[in-house]
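Single-structure report; data block below.
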Amino acid sequence: CKKTEQADIIFLVDVSKSITLSKFRSMQTFMQSMVNQTTVGKDLTRFGVILYSTNPKSIFTLNQYSTRQEVVKAIADLKYPYGDTYTGQALKYSLQFFSPQHGGRAELQVPQILMVITDGDTTDLFSLAEPSLALRNKGVHVISIGVEGADVTQLEIMAGHDKSKVFYVDNFKALETLYKNITQVLCNSTKPAFIFTTFPLLASAVCEKQQADLVFLIDQSGSINTNDYSVMKNFTIALVNSFKVSKDLVRVGLAQFSSSFQHEFYLNQFYQEKEVSSHIFNMRQVGGGTNIGLALDSIREYFEASRGSRRSSGISQNLVLITDGDSQDDVEDPADRLRPLGIEMFAIGIGDVHDLELLQITGDPRKLFTVQNFGSLDAIKQKVVDTICKSKPPLDPTDCTIDIAMGFDISRRSGETLVSSQNKLQVFLPEIAHYLSSVPRLCCTNTPITPNLAYRLVGREGRILYDFNFEGYNEDVVRKVMTSSLGEPTYFNTALLRSFEEKFRAESRAGVKVSQRHWRPPNPFPRGLGSVWGPGV
């Protein structure tokens, strides 16, 4: 379906004092977009709106308007008061408006949906759980939509800790287009065959990776008993069914491994969930040892265009490893050979596994999941799906560059040069600069990074006294900085921060930008305070 066919939907909208006029306009745009994605009618989809701050107020009920034009106009005409954010009170208040008296059709098995839109912490935090539960007990599905300063934990409480019904965007402009994700959730939830099994099955509808190539690498070694092997297969099927499998959206491939590698199917073999699930269900376990390194080298073929990979088109490349034991061969080098292809690697370890070994594969602890036994796999399913959906591809090693700028707060000037009467600074500045000139390998690269260093001395009002460009560690430059004639004190203040911001904007092209300043405290002993500018690794 392209439009929501039949539902009772009430918007519960936060209009507290943190909501400016422009933000409220974005909320109106979002609501109108949602309405435009449905088929509005007395016997089709109905809408209502409740605004809340210190007190909630119903603006129009489910049985008040019966055409799309009427609902859109009513939303456009909304006025809002200022006040605090009493979300719990508003949830309790909203329940009555799903009754037949106000146009609710729960008795006719029409889906009942409450969309809460909020941008901040609720004032009555301890009053959230009870009305949220009462709504669910009445068959009302609460969809939590958070913007900017909204608390994700509070959003999850309202949604009954069902993350597939929790949405978050970091600004109000992004809210205006969020309807594209939620529309599919509503559309699927209103199909007659799914009325009683809607939201738990719809995590794929809100996945940020609408297109992806997803390859599974499954351990079938002899240490896994038959029952656990079946549990693992069902878990893999559940993961697959959490995504929208098709030729144009999410493609799935799979292989098994033990002592040897066993091909199952490439990315261009199946384009329907049913086909993928059927093949996985019918897989047989061979047994043997655990050679993960061999499997990682062998799986590389799956990410070639001839095997259905869309890597050359910029489509997200993902590998999910599921294993119950330590590898009998090296895994680090094979994983490093996959990383340059832009493949995001996720690992699920079951039982007594070697966490460090799996971390060598993923390169990121957020992509590593462990459970005590196979029976616990289902508990992490949604977390795995969410992580895959939200993760980003590894950075190009050439993007792993760091620029570090150093400034100085010598507000108690007592000498002619920067380090005059600053004995500790004179000793430690060369050591600090040398230490900062090399960074061990990070998750984005397997080789050390050599940062560029720059130095700037700024007067109290922001006037630049001395300025040195970004370059690799240079003893001569450090010496020039130390012997710079300091005719006036320097201060750590707004002017200094602005000066460094301008320097980074004008001169730095690095992926990470760090400013570090040194000052002379009463003891005196130089200490440093680092500030990060721009994106981080």
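By convention in this document, the chains of the structure tokens carry letters A, B, ... by their order, each chain's residues are numbered from 1, and ligands are numbered from 1 in the order they are shown.
The protein and nucleic acid residues lying at most 10 Å from region 21-30 of chain A are Val13, Asp14, Val15, Met34, Val35, Asn36, Val72, Ile75, Ala76, Asp77, Leu78, Lys79, Tyr80, Ile117, Thr118, Asp119, Val147, Asn171, Phe172, Lys173, Ala174, Leu175, Glu176, Thr177, Leu178, Tyr179 and Lys180 of chain A, with only C-alpha atoms considered and sequence neighbours fewer than 4 positions away removed.
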Return as a ChimeraX atom specification the full set of residues in region 76-307 of chain A whose backbone-based DSSP assignment is strand (DSSP E or B).
/A:112-118,140-147,166-169,212-219,245,250-257,261-265
Residues just named, written with N, CA and C atoms as a short mmCIF file (atom, residue, chain, number, x, y, z; two decimals), in the first residue's frame:
data_model
loop_
_atom_site.label_atom_id
_atom_site.label_comp_id
_atom_site.auth_asym_id
_atom_site.auth_seq_id
_atom_site.Cartn_x
_atom_site.Cartn_y
_atom_site.Cartn_z
N GLN A 112 -5.39 1.70 16.69
CA GLN A 112 -5.43 2.92 17.50
C GLN A 112 -3.99 3.40 17.71
N ILE A 113 -3.70 4.61 17.27
CA ILE A 113 -2.31 5.09 17.28
C ILE A 113 -2.23 6.49 17.88
N LEU A 114 -1.32 6.64 18.84
CA LEU A 114 -1.05 7.95 19.43
C LEU A 114 0.39 8.33 19.08
N MET A 115 0.55 9.46 18.39
CA MET A 115 1.88 9.96 18.03
C MET A 115 2.24 11.11 18.96
N VAL A 116 3.23 10.87 19.83
CA VAL A 116 3.69 11.89 20.76
C VAL A 116 4.90 12.61 20.14
N ILE A 117 4.82 13.94 20.03
CA ILE A 117 5.91 14.73 19.48
C ILE A 117 6.42 15.66 20.57
N THR A 118 7.69 15.50 20.97
CA THR A 118 8.22 16.31 22.07
C THR A 118 9.68 16.66 21.80
N VAL A 140 -3.85 0.84 22.36
CA VAL A 140 -3.33 2.03 21.68
C VAL A 140 -1.82 1.88 21.51
N HIS A 141 -1.36 1.99 20.30
CA HIS A 141 0.08 1.95 20.02
C HIS A 141 0.64 3.36 20.12
N VAL A 142 1.60 3.55 21.02
CA VAL A 142 2.21 4.87 21.20
C VAL A 142 3.49 4.95 20.38
N ILE A 143 3.53 5.89 19.46
CA ILE A 143 4.74 6.15 18.67
C ILE A 143 5.38 7.41 19.24
N SER A 144 6.62 7.28 19.73
CA SER A 144 7.32 8.40 20.35
C SER A 144 8.23 9.07 19.33
N ILE A 145 8.07 10.36 19.16
CA ILE A 145 8.88 11.12 18.21
C ILE A 145 9.60 12.22 18.98
N GLY A 146 10.92 12.10 19.07
CA GLY A 146 11.72 13.07 19.82
C GLY A 146 12.51 13.97 18.89
N VAL A 147 12.63 15.23 19.28
CA VAL A 147 13.37 16.22 18.49
C VAL A 147 14.35 16.94 19.41
N VAL A 166 10.05 4.06 18.26
CA VAL A 166 10.74 5.26 18.75
C VAL A 166 11.51 5.90 17.60
N PHE A 167 11.26 7.20 17.40
CA PHE A 167 11.94 7.94 16.35
C PHE A 167 12.61 9.16 16.97
N TYR A 168 13.79 9.51 16.45
CA TYR A 168 14.48 10.69 16.97
C TYR A 168 15.21 11.40 15.84
N VAL A 169 15.07 12.73 15.81
CA VAL A 169 15.84 13.57 14.89
C VAL A 169 16.44 14.70 15.71
N ALA A 212 21.16 -1.78 1.27
CA ALA A 212 22.36 -2.36 1.88
C ALA A 212 22.62 -3.74 1.29
N ASP A 213 23.88 -4.14 1.30
CA ASP A 213 24.26 -5.51 0.99
C ASP A 213 24.67 -6.14 2.32
N LEU A 214 23.97 -7.22 2.70
CA LEU A 214 24.11 -7.81 4.02
C LEU A 214 24.52 -9.28 3.88
N VAL A 215 25.74 -9.59 4.32
CA VAL A 215 26.25 -10.96 4.20
C VAL A 215 26.43 -11.56 5.59
N PHE A 216 25.93 -12.77 5.77
CA PHE A 216 26.07 -13.48 7.05
C PHE A 216 27.13 -14.57 6.92
N LEU A 217 27.95 -14.70 7.96
CA LEU A 217 28.98 -15.73 8.02
C LEU A 217 28.73 -16.53 9.29
N ILE A 218 28.24 -17.76 9.12
CA ILE A 218 27.69 -18.55 10.23
C ILE A 218 28.61 -19.70 10.61
N ASP A 219 28.90 -19.81 11.89
CA ASP A 219 29.74 -20.89 12.44
C ASP A 219 28.92 -22.19 12.49
N VAL A 245 13.92 -6.95 2.32
CA VAL A 245 14.72 -7.68 1.34
C VAL A 245 14.12 -7.53 -0.05
N VAL A 250 17.48 -4.19 0.30
CA VAL A 250 18.48 -4.97 1.04
C VAL A 250 18.67 -6.34 0.39
N ARG A 251 19.90 -6.59 -0.04
CA ARG A 251 20.25 -7.90 -0.59
C ARG A 251 20.97 -8.71 0.49
N VAL A 252 20.74 -10.01 0.48
CA VAL A 252 21.30 -10.87 1.52
C VAL A 252 22.12 -12.00 0.88
N GLY A 253 23.28 -12.26 1.47
CA GLY A 253 24.11 -13.40 1.10
C GLY A 253 24.49 -14.15 2.35
N LEU A 254 24.93 -15.41 2.22
CA LEU A 254 25.25 -16.19 3.42
C LEU A 254 26.23 -17.31 3.09
N ALA A 255 27.13 -17.57 4.04
CA ALA A 255 28.05 -18.71 3.96
C ALA A 255 28.23 -19.28 5.36
N GLN A 256 28.61 -20.54 5.42
CA GLN A 256 28.93 -21.18 6.69
C GLN A 256 30.42 -21.51 6.72
N PHE A 257 30.92 -21.75 7.92
CA PHE A 257 32.33 -22.13 8.03
C PHE A 257 32.53 -23.04 9.24
N PHE A 261 35.44 -23.59 4.43
CA PHE A 261 34.42 -22.60 4.07
C PHE A 261 33.35 -23.27 3.22
N GLN A 262 32.09 -22.96 3.52
CA GLN A 262 30.98 -23.57 2.77
C GLN A 262 30.07 -22.50 2.20
N HIS A 263 30.01 -22.41 0.89
CA HIS A 263 29.15 -21.43 0.22
C HIS A 263 27.68 -21.82 0.36
N GLU A 264 26.83 -20.83 0.59
CA GLU A 264 25.38 -21.07 0.62
C GLU A 264 24.69 -20.29 -0.49
N PHE A 265 24.70 -18.93 -0.44
CA PHE A 265 24.13 -18.16 -1.55
C PHE A 265 24.72 -16.75 -1.59
#
What's the 7 Å shell around region 449-464 of chain A, counting only C-alpha atoms, without same-chain residues fewer than 5 positions away, as a JSON list (two decimals) with N, CA and C atoms, in the first residue's frame?
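Wrote out-v4.json, looks like this:
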[["chain", "number", "residue", "atom", "x", "y", "z"],
["A", 401, "THR", "N", 43.16, 12.16, 9.52],
["A", 401, "THR", "CA", 44.19, 13.19, 9.69],
["A", 401, "THR", "C", 43.82, 14.05, 10.88],
["A", 402, "ILE", "N", 44.85, 14.53, 11.58],
["A", 402, "ILE", "CA", 44.63, 15.31, 12.79],
["A", 402, "ILE", "C", 45.47, 16.58, 12.74],
["A", 403, "ASP", "N", 44.85, 17.71, 13.00],
["A", 403, "ASP", "CA", 45.55, 18.97, 13.17],
["A", 403, "ASP", "C", 45.41, 19.40, 14.62],
["A", 404, "ILE", "N", 46.53, 19.73, 15.26],
["A", 404, "ILE", "CA", 46.53, 20.14, 16.66],
["A", 404, "ILE", "C", 47.14, 21.55, 16.74],
["A", 405, "ALA", "N", 46.38, 22.45, 17.35],
["A", 405, "ALA", "CA", 46.88, 23.82, 17.54],
["A", 405, "ALA", "C", 47.09, 24.06, 19.03],
["A", 406, "MET", "N", 48.18, 24.73, 19.38],
["A", 406, "MET", "CA", 48.50, 24.98, 20.78],
["A", 406, "MET", "C", 48.52, 26.48, 21.05],
["A", 407, "GLY", "N", 47.86, 26.86, 22.13],
["A", 407, "GLY", "CA", 47.85, 28.25, 22.57],
["A", 407, "GLY", "C", 48.32, 28.33, 24.01],
["A", 408, "PHE", "N", 48.51, 29.55, 24.51],
["A", 408, "PHE", "CA", 49.12, 29.71, 25.83],
["A", 408, "PHE", "C", 48.42, 30.80, 26.63],
["A", 437, "SER", "N", 52.99, 14.42, 18.38],
["A", 437, "SER", "CA", 53.32, 14.33, 16.96],
["A", 437, "SER", "C", 53.08, 12.95, 16.37],
["A", 438, "SER", "N", 52.69, 11.98, 17.20],
["A", 438, "SER", "CA", 52.41, 10.65, 16.68],
["A", 438, "SER", "C", 51.25, 10.04, 17.46],
["A", 439, "VAL", "N", 50.26, 9.50, 16.75],
["A", 439, "VAL", "CA", 49.10, 8.87, 17.37],
["A", 439, "VAL", "C", 49.08, 7.41, 16.91],
["A", 440, "PRO", "N", 48.98, 6.45, 17.85],
["A", 440, "PRO", "CA", 48.89, 5.04, 17.45],
["A", 440, "PRO", "C", 47.69, 4.82, 16.55],
["A", 441, "ARG", "N", 47.65, 3.68, 15.91],
["A", 441, "ARG", "CA", 46.59, 3.41, 14.95],
["A", 441, "ARG", "C", 45.22, 3.50, 15.60],
["A", 469, "ASN", "N", 52.15, 27.99, 11.24],
["A", 469, "ASN", "CA", 51.26, 27.16, 10.43],
["A", 469, "ASN", "C", 51.29, 25.69, 10.86],
["A", 470, "PHE", "N", 50.28, 24.93, 10.39],
["A", 470, "PHE", "CA", 50.22, 23.49, 10.65],
["A", 470, "PHE", "C", 51.32, 22.76, 9.85],
["A", 471, "GLU", "N", 52.10, 21.97, 10.53],
["A", 471, "GLU", "CA", 53.11, 21.14, 9.89],
["A", 471, "GLU", "C", 53.52, 20.04, 10.86],
["A", 472, "GLY", "N", 54.27, 19.05, 10.36],
["A", 472, "GLY", "CA", 54.75, 17.99, 11.22],
["A", 472, "GLY", "C", 55.68, 18.52, 12.30],
["A", 473, "TYR", "N", 55.94, 17.67, 13.29],
["A", 473, "TYR", "CA", 56.79, 18.10, 14.41],
["A", 473, "TYR", "C", 58.14, 18.63, 13.90],
["A", 489, "PRO", "N", 50.54, 40.09, 28.45],
["A", 489, "PRO", "CA", 49.98, 38.81, 28.93],
["A", 489, "PRO", "C", 49.05, 38.20, 27.89],
["A", 490, "THR", "N", 48.87, 36.91, 27.97],
["A", 490, "THR", "CA", 47.88, 36.21, 27.12],
["A", 490, "THR", "C", 46.87, 35.54, 28.05],
["A", 491, "TYR", "N", 45.63, 35.40, 27.57],
["A", 491, "TYR", "CA", 44.56, 34.90, 28.43],
["A", 491, "TYR", "C", 43.75, 33.81, 27.71],
["A", 495, "ALA", "N", 38.02, 35.49, 23.27],
["A", 495, "ALA", "CA", 38.79, 35.99, 22.13],
["A", 495, "ALA", "C", 39.79, 34.94, 21.64],
["A", 496, "LEU", "N", 40.43, 34.22, 22.58],
["A", 496, "LEU", "CA", 41.37, 33.18, 22.19],
["A", 496, "LEU", "C", 40.65, 32.04, 21.45],
["A", 499, "SER", "N", 39.74, 33.05, 18.00],
["A", 499, "SER", "CA", 40.94, 33.11, 17.16],
["A", 499, "SER", "C", 41.32, 31.72, 16.64]]
Residue neighbourhood Asp329 (chain A), 7 Å, only C-alpha atoms, exclusion window fewer than 3 positions, as an mmCIF file with all heavy atoms, in the first residue's frame:
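result_35.cif written:
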data_model
loop_
_atom_site.group_PDB
_atom_site.id
_atom_site.type_symbol
_atom_site.label_atom_id
_atom_site.label_comp_id
_atom_site.auth_asym_id
_atom_site.auth_seq_id
_atom_site.Cartn_x
_atom_site.Cartn_y
_atom_site.Cartn_z
ATOM 1 N N ASN A 291 37.860 -22.042 11.824
ATOM 2 C CA ASN A 291 38.846 -21.233 11.114
ATOM 3 C C ASN A 291 38.177 -19.953 10.595
ATOM 4 O O ASN A 291 37.756 -19.880 9.433
ATOM 5 C CB ASN A 291 39.470 -22.017 9.960
ATOM 6 C CG ASN A 291 40.415 -23.098 10.446
ATOM 7 O OD1 ASN A 291 41.050 -22.950 11.492
ATOM 8 N ND2 ASN A 291 40.504 -24.198 9.711
ATOM 9 N N ILE A 292 38.087 -18.966 11.477
ATOM 10 C CA ILE A 292 37.417 -17.711 11.111
ATOM 11 C C ILE A 292 38.246 -16.934 10.087
ATOM 12 O O ILE A 292 37.703 -16.323 9.168
ATOM 13 C CB ILE A 292 37.169 -16.853 12.369
ATOM 14 C CG1 ILE A 292 36.243 -17.595 13.342
ATOM 15 C CG2 ILE A 292 36.551 -15.514 11.983
ATOM 16 C CD1 ILE A 292 36.005 -16.856 14.653
ATOM 17 N N GLY A 293 39.583 -16.969 10.240
ATOM 18 C CA GLY A 293 40.439 -16.242 9.298
ATOM 19 C C GLY A 293 40.239 -16.722 7.881
ATOM 20 O O GLY A 293 40.105 -15.919 6.943
#
I'd like to know which of A:Phe346, A:Val478, A:Gly222, A:Tyr302 is closest to Thr290 (chain A), using only C-alpha atoms.
A:Gly222
Just list as a ChimeraX atom specification whatever in region 225-428 of chain A DSSP marks as helix (DSSP H, G or I).
/A:226-240,273-281,292-303,305-307,311-313,332-341,355-362,365-367,374-390,397-399,423-428
Taking only C-alpha atoms into account, name the residue in A:Met158, A:Leu95, A:Met482, A:Ile388 that is nearest to Leu135 (chain A).
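The closest residue to Leu135 (chain A) is A:Leu95.
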Shell of 7 Å around Val353 (chain A), only C-alpha atoms, local chain residues under 3 positions omitted, as a list in words
Asp324, Gly325, Asp326, Gly349 and Ile350 of chain A
Counting only C-alpha atoms, give me one row per residue of region 266-327 of chain A with an atom at most 10 Å from an atom of region 357-369 of chain A, showing the shortest contact pair and its distance in Å to one decimal, sorted by chain then residue number, as CSV.
residue,atom,partner,partner_atom,distance
A:Ile292,CA,A:Ile361,CA,9.8
A:Gly293,CA,A:Ile361,CA,9.5
A:Leu296,CA,A:Ile361,CA,9.2
A:Leu319,CA,A:Thr362,CA,9.4
A:Val320,CA,A:Lys367,CA,9.4
A:Leu321,CA,A:Leu358,CA,9.1
A:Ile322,CA,A:Phe369,CA,9.5
A:Thr323,CA,A:Leu358,CA,9.5
A:Asp326,CA,A:Glu357,CA,7.6
A:Ser327,CA,A:Glu357,CA,8.1
Given the selection you just returned, output its residues as a file containing N, CA and C atoms, formatted as a PDB file, in the first residue's frame.
ATOM      1  N   ILE A 292      38.087 -18.966  11.477  1.00  0.00           N
ATOM      2  CA  ILE A 292      37.417 -17.711  11.111  1.00  0.00           C
ATOM      3  C   ILE A 292      38.246 -16.934  10.087  1.00  0.00           C
ATOM      4  N   GLY A 293      39.583 -16.969  10.240  1.00  0.00           N
ATOM      5  CA  GLY A 293      40.439 -16.242   9.298  1.00  0.00           C
ATOM      6  C   GLY A 293      40.239 -16.722   7.881  1.00  0.00           C
ATOM      7  N   LEU A 296      36.943 -15.426   6.592  1.00  0.00           N
ATOM      8  CA  LEU A 296      36.970 -14.008   6.243  1.00  0.00           C
ATOM      9  C   LEU A 296      37.623 -13.784   4.884  1.00  0.00           C
ATOM     10  N   LEU A 319      28.931  -7.145   6.881  1.00  0.00           N
ATOM     11  CA  LEU A 319      29.207  -8.548   7.153  1.00  0.00           C
ATOM     12  C   LEU A 319      28.881  -8.832   8.610  1.00  0.00           C
ATOM     13  N   VAL A 320      28.036  -9.858   8.856  1.00  0.00           N
ATOM     14  CA  VAL A 320      27.659 -10.251  10.212  1.00  0.00           C
ATOM     15  C   VAL A 320      28.205 -11.643  10.482  1.00  0.00           C
ATOM     16  N   LEU A 321      29.143 -11.719  11.430  1.00  0.00           N
ATOM     17  CA  LEU A 321      29.744 -12.995  11.827  1.00  0.00           C
ATOM     18  C   LEU A 321      29.065 -13.499  13.098  1.00  0.00           C
ATOM     19  N   ILE A 322      28.673 -14.782  13.098  1.00  0.00           N
ATOM     20  CA  ILE A 322      28.092 -15.404  14.288  1.00  0.00           C
ATOM     21  C   ILE A 322      28.926 -16.631  14.626  1.00  0.00           C
ATOM     22  N   THR A 323      29.514 -16.661  15.829  1.00  0.00           N
ATOM     23  CA  THR A 323      30.409 -17.753  16.206  1.00  0.00           C
ATOM     24  C   THR A 323      30.314 -18.062  17.691  1.00  0.00           C
ATOM     25  N   ASP A 326      36.759 -19.583  19.824  1.00  0.00           N
ATOM     26  CA  ASP A 326      37.974 -18.931  19.377  1.00  0.00           C
ATOM     27  C   ASP A 326      38.420 -19.512  18.042  1.00  0.00           C
ATOM     28  N   SER A 327      39.006 -18.654  17.225  1.00  0.00           N
ATOM     29  CA  SER A 327      39.473 -19.112  15.926  1.00  0.00           C
ATOM     30  C   SER A 327      40.778 -19.884  16.071  1.00  0.00           C
TER      31      SER A 327
END
